[in-house]
$ cat query.cif   # mmCIF, C-alpha atoms
data_entry
loop_
_atom_site.label_atom_id
_atom_site.label_comp_id
_atom_site.auth_asym_id
_atom_site.auth_seq_id
_atom_site.Cartn_x
_atom_site.Cartn_y
_atom_site.Cartn_z
CA MET B 980 -41.21 49.17 -46.10
CA THR B 981 -38.17 48.92 -43.90
CA THR B 982 -35.96 51.58 -42.36
CA GLN B 983 -33.05 51.66 -39.95
CA SER B 984 -35.31 50.97 -36.96
CA ASP B 985 -36.25 47.57 -38.43
CA TYR B 986 -32.69 46.26 -38.18
CA ARG B 987 -30.32 45.37 -35.38
CA ARG B 988 -27.13 47.36 -35.17
CA HIS B 989 -24.92 44.77 -36.92
CA GLU B 990 -27.59 44.29 -39.62
CA TRP B 991 -27.82 48.03 -40.24
CA ASN B 992 -24.03 48.22 -40.46
CA LEU B 993 -24.13 45.67 -43.30
CA ILE B 994 -26.87 47.50 -45.17
CA LEU B 995 -25.30 50.91 -44.63
CA GLY B 996 -21.90 49.63 -45.74
CA ALA B 997 -23.11 47.82 -48.85
CA PRO B 998 -22.47 50.73 -51.27
CA SER B 999 -18.85 50.94 -50.06
CA LEU B 1000 -18.47 47.17 -50.24
CA THR B 1001 -19.64 47.36 -53.85
CA ALA B 1002 -16.83 49.82 -54.67
CA LEU B 1003 -14.31 47.74 -52.74
CA ILE B 1004 -15.14 44.61 -54.76
CA LEU B 1005 -14.58 46.45 -58.03
CA ILE B 1006 -11.43 48.22 -56.87
CA GLN B 1007 -9.93 44.92 -55.76
CA ALA B 1008 -10.85 43.28 -59.07
CA ASP B 1009 -8.93 45.85 -61.09
CA PRO B 1010 -5.97 47.23 -59.15
CA CYS B 1011 -5.46 50.92 -59.80
CA SER B 1012 -3.60 53.95 -58.50
CA HIS B 1013 -4.67 55.74 -55.34
CA ARG B 1014 -6.00 58.58 -57.48
CA VAL B 1015 -8.25 56.26 -59.51
CA ALA B 1016 -9.37 54.38 -56.37
CA TYR B 1017 -10.37 57.74 -54.90
CA GLN B 1018 -12.37 58.53 -58.06
CA LYS B 1019 -14.14 55.18 -57.75
CA VAL B 1020 -15.04 55.83 -54.12
CA ARG B 1021 -16.13 59.33 -55.08
CA ALA B 1022 -18.48 57.73 -57.66
CA VAL B 1023 -20.27 56.00 -54.76
CA VAL B 1024 -20.62 59.28 -52.86
CA THR B 1025 -21.94 60.98 -55.99
CA ALA B 1026 -24.47 58.19 -56.54
CA ILE B 1027 -25.70 58.60 -52.96
CA GLU B 1028 -25.95 62.39 -53.37
CA GLU B 1029 -27.84 62.04 -56.66
CA THR B 1030 -30.22 59.48 -55.17
CA THR B 1031 -30.92 61.87 -52.30
CA LEU B 1032 -31.65 64.75 -54.69
CA GLN B 1033 -33.78 62.66 -57.05
CA GLY B 1034 -35.53 60.78 -54.29
CA SER B 1035 -36.37 57.10 -54.23
CA ALA B 1036 -39.56 55.13 -53.86
CA SER B 1037 -37.71 52.76 -51.55
CA ALA B 1038 -37.88 53.66 -47.87
CA LEU B 1039 -34.74 51.59 -47.29
CA ILE B 1040 -32.70 53.48 -49.90
CA CYS B 1041 -33.95 56.78 -48.48
CA SER B 1042 -33.04 55.66 -44.99
CA VAL B 1043 -29.51 54.67 -46.09
CA THR B 1044 -28.89 57.87 -48.05
CA SER B 1045 -30.21 59.98 -45.16
CA ALA B 1046 -27.98 58.16 -42.69
CA VAL B 1047 -24.91 58.62 -44.90
CA ARG B 1048 -25.65 62.31 -45.43
CA ALA B 1049 -26.05 62.70 -41.66
CA GLY B 1050 -22.52 61.35 -41.21
CA GLN B 1051 -23.39 57.85 -40.12
CA SER B 1052 -20.98 55.15 -41.24
CA PRO B 1053 -20.91 51.42 -40.62
CA LEU B 1054 -18.98 50.05 -37.70
CA TRP B 1055 -17.08 47.14 -39.18
CA PRO B 1056 -16.13 44.14 -37.10
CA THR B 1057 -12.52 43.76 -36.07
CA GLU B 1058 -12.20 40.46 -37.93
CA TYR B 1059 -11.92 41.98 -41.40
CA PRO B 1060 -9.00 40.53 -43.38
CA ARG B 1061 -5.58 42.04 -42.93
CA ASP B 1062 -4.35 40.58 -46.21
CA LEU B 1063 -5.54 42.65 -49.16
CA ARG B 1064 -5.91 39.52 -51.29
CA ASP B 1065 -8.73 38.38 -48.99
CA VAL B 1066 -10.62 41.69 -48.88
CA ARG B 1067 -12.67 41.05 -52.02
CA HIS B 1068 -13.89 37.69 -50.71
CA TRP B 1069 -14.73 39.28 -47.38
CA ALA B 1070 -16.71 42.04 -49.14
CA LEU B 1071 -18.54 39.51 -51.35
CA ASP B 1072 -19.44 37.49 -48.27
CA ALA B 1073 -20.79 40.63 -46.60
CA CYS B 1074 -22.90 41.33 -49.72
CA GLN B 1075 -24.29 37.78 -49.49
CA GLN B 1076 -25.23 38.55 -45.89
CA VAL B 1077 -26.99 41.73 -47.05
CA ALA B 1078 -29.00 39.74 -49.61
CA ALA B 1079 -29.96 37.14 -47.01
CA LEU B 1080 -30.94 39.84 -44.54
CA LEU B 1081 -33.08 41.65 -47.09
CA ALA B 1082 -34.75 38.39 -48.12
CA GLN B 1083 -35.61 37.82 -44.48
CA LYS B 1084 -36.74 41.30 -43.40
CA ALA B 1085 -37.60 43.48 -46.39
CA PRO B 1086 -40.53 43.19 -48.77
CA GLU B 1087 -39.43 41.65 -52.07
CA ALA B 1088 -39.88 44.87 -54.05
CA GLU B 1089 -37.78 46.82 -51.57
CA ALA B 1090 -35.04 44.18 -51.52
CA LYS B 1091 -34.92 44.23 -55.33
CA ALA B 1092 -34.84 48.04 -55.39
CA TYR B 1093 -31.90 48.08 -52.97
CA THR B 1094 -29.89 45.43 -54.82
CA HIS B 1095 -30.65 47.15 -58.13
CA TRP B 1096 -29.35 50.40 -56.65
CA LEU B 1097 -26.19 48.63 -55.49
CA MET B 1098 -25.68 47.14 -58.95
CA ARG B 1099 -26.08 50.58 -60.54
CA ILE B 1100 -23.43 51.88 -58.14
CA GLY B 1101 -21.20 48.94 -59.08
CA GLN B 1102 -21.65 49.69 -62.77
CA ARG B 1103 -20.80 53.32 -62.17
CA VAL B 1104 -17.62 52.39 -60.29
CA ALA B 1105 -16.61 49.96 -63.03
CA MET B 1106 -16.97 52.68 -65.65
CA ILE B 1107 -14.34 54.95 -64.05
CA PRO B 1108 -11.43 54.86 -66.49
CA ASP B 1109 -7.97 54.03 -65.25
CA GLY B 1110 -6.10 56.93 -66.78
CA ASP B 1111 -2.88 55.77 -65.12
CA VAL B 1112 -2.69 52.58 -67.19
CA ILE B 1113 -1.72 52.50 -70.82
CA GLN B 1114 -4.81 50.93 -72.39
CA PHE B 1115 -3.10 49.15 -75.29
CA HIS B 1116 -1.42 46.91 -72.73
CA ASP B 1117 -4.43 44.81 -71.71
CA PRO B 1118 -7.77 46.53 -72.41
CA ASP B 1119 -9.69 43.27 -72.79
CA GLY B 1120 -8.20 41.85 -69.60
CA ARG B 1121 -9.34 44.88 -67.59
CA ASN B 1122 -12.84 44.66 -69.05
CA ALA B 1123 -12.98 40.94 -68.31
CA ARG B 1124 -11.88 41.48 -64.69
CA LEU B 1125 -14.52 44.14 -64.17
CA ARG B 1126 -17.21 42.05 -65.86
CA ILE B 1127 -16.34 39.07 -63.63
CA ALA B 1128 -16.43 41.30 -60.55
CA LEU B 1129 -19.89 42.59 -61.51
CA GLU B 1130 -21.06 39.01 -62.07
CA GLU B 1131 -19.72 38.01 -58.65
CA LEU B 1132 -21.44 41.01 -57.08
CA ALA B 1133 -24.74 40.14 -58.78
CA THR B 1134 -24.46 36.57 -57.55
CA ALA B 1135 -23.64 37.67 -54.00
CA LEU B 1136 -26.58 40.08 -53.95
CA ASP B 1137 -28.89 37.53 -55.57
CA ALA B 1138 -29.41 40.11 -58.32
CA ARG B 1139 -28.57 38.04 -61.37
CA SER B 1140 -31.50 39.38 -63.39
CA VAL B 1141 -30.43 42.92 -62.55
CA TYR B 1142 -26.88 42.22 -63.70
CA ASP B 1143 -28.15 40.96 -67.05
CA GLU B 1144 -29.49 44.48 -67.72
CA PHE B 1145 -25.91 45.78 -67.68
CA VAL B 1146 -24.40 43.28 -70.09
#
$ encode --input "query.cif" --output "structure tokens"
Amino acid sequence: MTTQSDYRRHEWNLILGAPSLTALILIQADPCSHRVAYQKVRAVVTAIEETTLQGSASALICSVTSAVRAGQSPLWPTEYPRDLRDVRHWALDACQQVAALLAQKAPEAEAKAYTHWLMRIGQRVAMIPDGDVIQFHDPDGRNARLRIALEELATALDARSVYDEFV
């Protein structure tokens, strides 16, 4: 079992920020209005609230949800990309760092539980409809972009087998 005390500050920032990074990857993959982006971010908050209410067997997930509910948020480095086109790659790289960190410090079952939780959050974000876009325009293109983003997220988190459950 691992909790916040098992990680250095910059490591905890990565783990704590991973749910938001998940949403960011999917928002960047399928550009949407501010209203829909807000709904997607709200889906992350709702997932955290539901996880808190339902409980989790993972000490790490409980530690993250408790920290978020207590108002803690990650302190991001100042070197994040200023160009929006680079944000998705930056977020995917951060997710790769999370996976590497978990592989190094967390028991395998806990690492898998955390990445599975992140993938469920990603799936939930991807399912938010874009009511501002006329769907007959490119419905298959939107689905393909979101599917690719989920595949990239699964690869970054080293959660390929988890992603296959969603296909």
$ atom_distance --input "query.cif" --atom1 "atom CA of Tyr1093 of chain B" --atom2 "atom CA of Arg1014 of chain B"
28.3 Å
$ closest_atom_pairs --input "query.cif" --of "segment 1034-1114 of chain B" --to "segment 985-1007 of chain B" --cutoff "9 Å" --atoms "all atoms listed in the file" --output "CSV"
residue,atom,partner,partner_atom,distance
B:Val1043,CA,B:Leu995,CA,5.8
B:Thr1044,CA,B:Leu995,CA,8.5
B:Ala1046,CA,B:Leu995,CA,8.0
B:Val1047,CA,B:Leu995,CA,7.7
B:Gln1051,CA,B:Leu995,CA,8.5
B:Ser1052,CA,B:Leu995,CA,6.9
B:Pro1053,CA,B:Asn992,CA,4.5
B:Leu1054,CA,B:Asn992,CA,6.0
B:Trp1055,CA,B:Asn992,CA,7.1
B:Pro1056,CA,B:His989,CA,8.8
B:Leu1063,CA,B:Gln1007,CA,8.2
B:Arg1064,CA,B:Gln1007,CA,8.1
B:Val1066,CA,B:Gln1007,CA,7.6
B:Arg1067,CA,B:Ile1004,CA,5.1
B:His1068,CA,B:Ile1004,CA,8.1
B:Ala1070,CA,B:Leu1000,CA,5.5
B:Leu1071,CA,B:Ile1004,CA,7.0
B:Ala1073,CA,B:Leu993,CA,6.9
B:Cys1074,CA,B:Ala997,CA,6.6
B:Gln1076,CA,B:Leu993,CA,7.7
B:Val1077,CA,B:Ile994,CA,6.1
B:Leu1080,CA,B:Glu990,CA,7.4
B:Leu1081,CA,B:Ile994,CA,8.7
B:Lys1084,CA,B:Asp985,CA,8.0
B:Trp1096,CA,B:Pro998,CA,8.7
B:Leu1097,CA,B:Pro998,CA,6.0
B:Met1098,CA,B:Thr1001,CA,7.9
B:Ile1100,CA,B:Pro998,CA,7.0
B:Gly1101,CA,B:Thr1001,CA,5.7
B:Val1104,CA,B:Ala1002,CA,6.2
B:Ala1105,CA,B:Leu1005,CA,6.4
$ closest_residue --input "query.cif" --among "B:Ala1088, B:Ala1135, B:Leu1039, B:Leu1125" --to "Asp1009 of chain B" --atoms "only C-alpha atoms"
B:Leu1125
$ atom_distance --input "query.cif" --atom1 "atom CA of Thr1134 of chain B" --atom2 "atom CA of Gln1018 of chain B"
25.1 Å
$ atom_distance --input "query.cif" --atom1 "atom CA of Ala1082 of chain B" --atom2 "atom CA of Ser1045 of chain B"
22.3 Å
$ closest_residue --input "query.cif" --among "B:Thr1031, B:Gln1083, B:Ser1012, B:Thr1094" --to "Pro1108 of chain B" --atoms "all atoms listed in the file"
B:Ser1012
$ closest_residue --input "query.cif" --among "B:Trp1069, B:Arg1048, B:Ala1138, B:Tyr1017" --to "Leu1032 of chain B" --atoms "only C-alpha atoms"
B:Arg1048
$ closest_residue --input "query.cif" --among "B:Ala1016, B:Glu1089, B:Gln1075, B:Gln1102" --to "Arg1126 of chain B" --atoms "all atoms listed in the file"
B:Gln1102
$ closest_residue --input "query.cif" --among "B:Asp1137, B:Ile1107, B:Cys1011, B:Glu1028" --to "Ala1049 of chain B" --atoms "only C-alpha atoms"
B:Glu1028
$ closest_residue --input "query.cif" --among "B:Arg1139, B:Pro1060, B:Ser1037, B:Glu1029" --to "Glu1087 of chain B" --atoms "all atoms listed in the file"
B:Ser1037
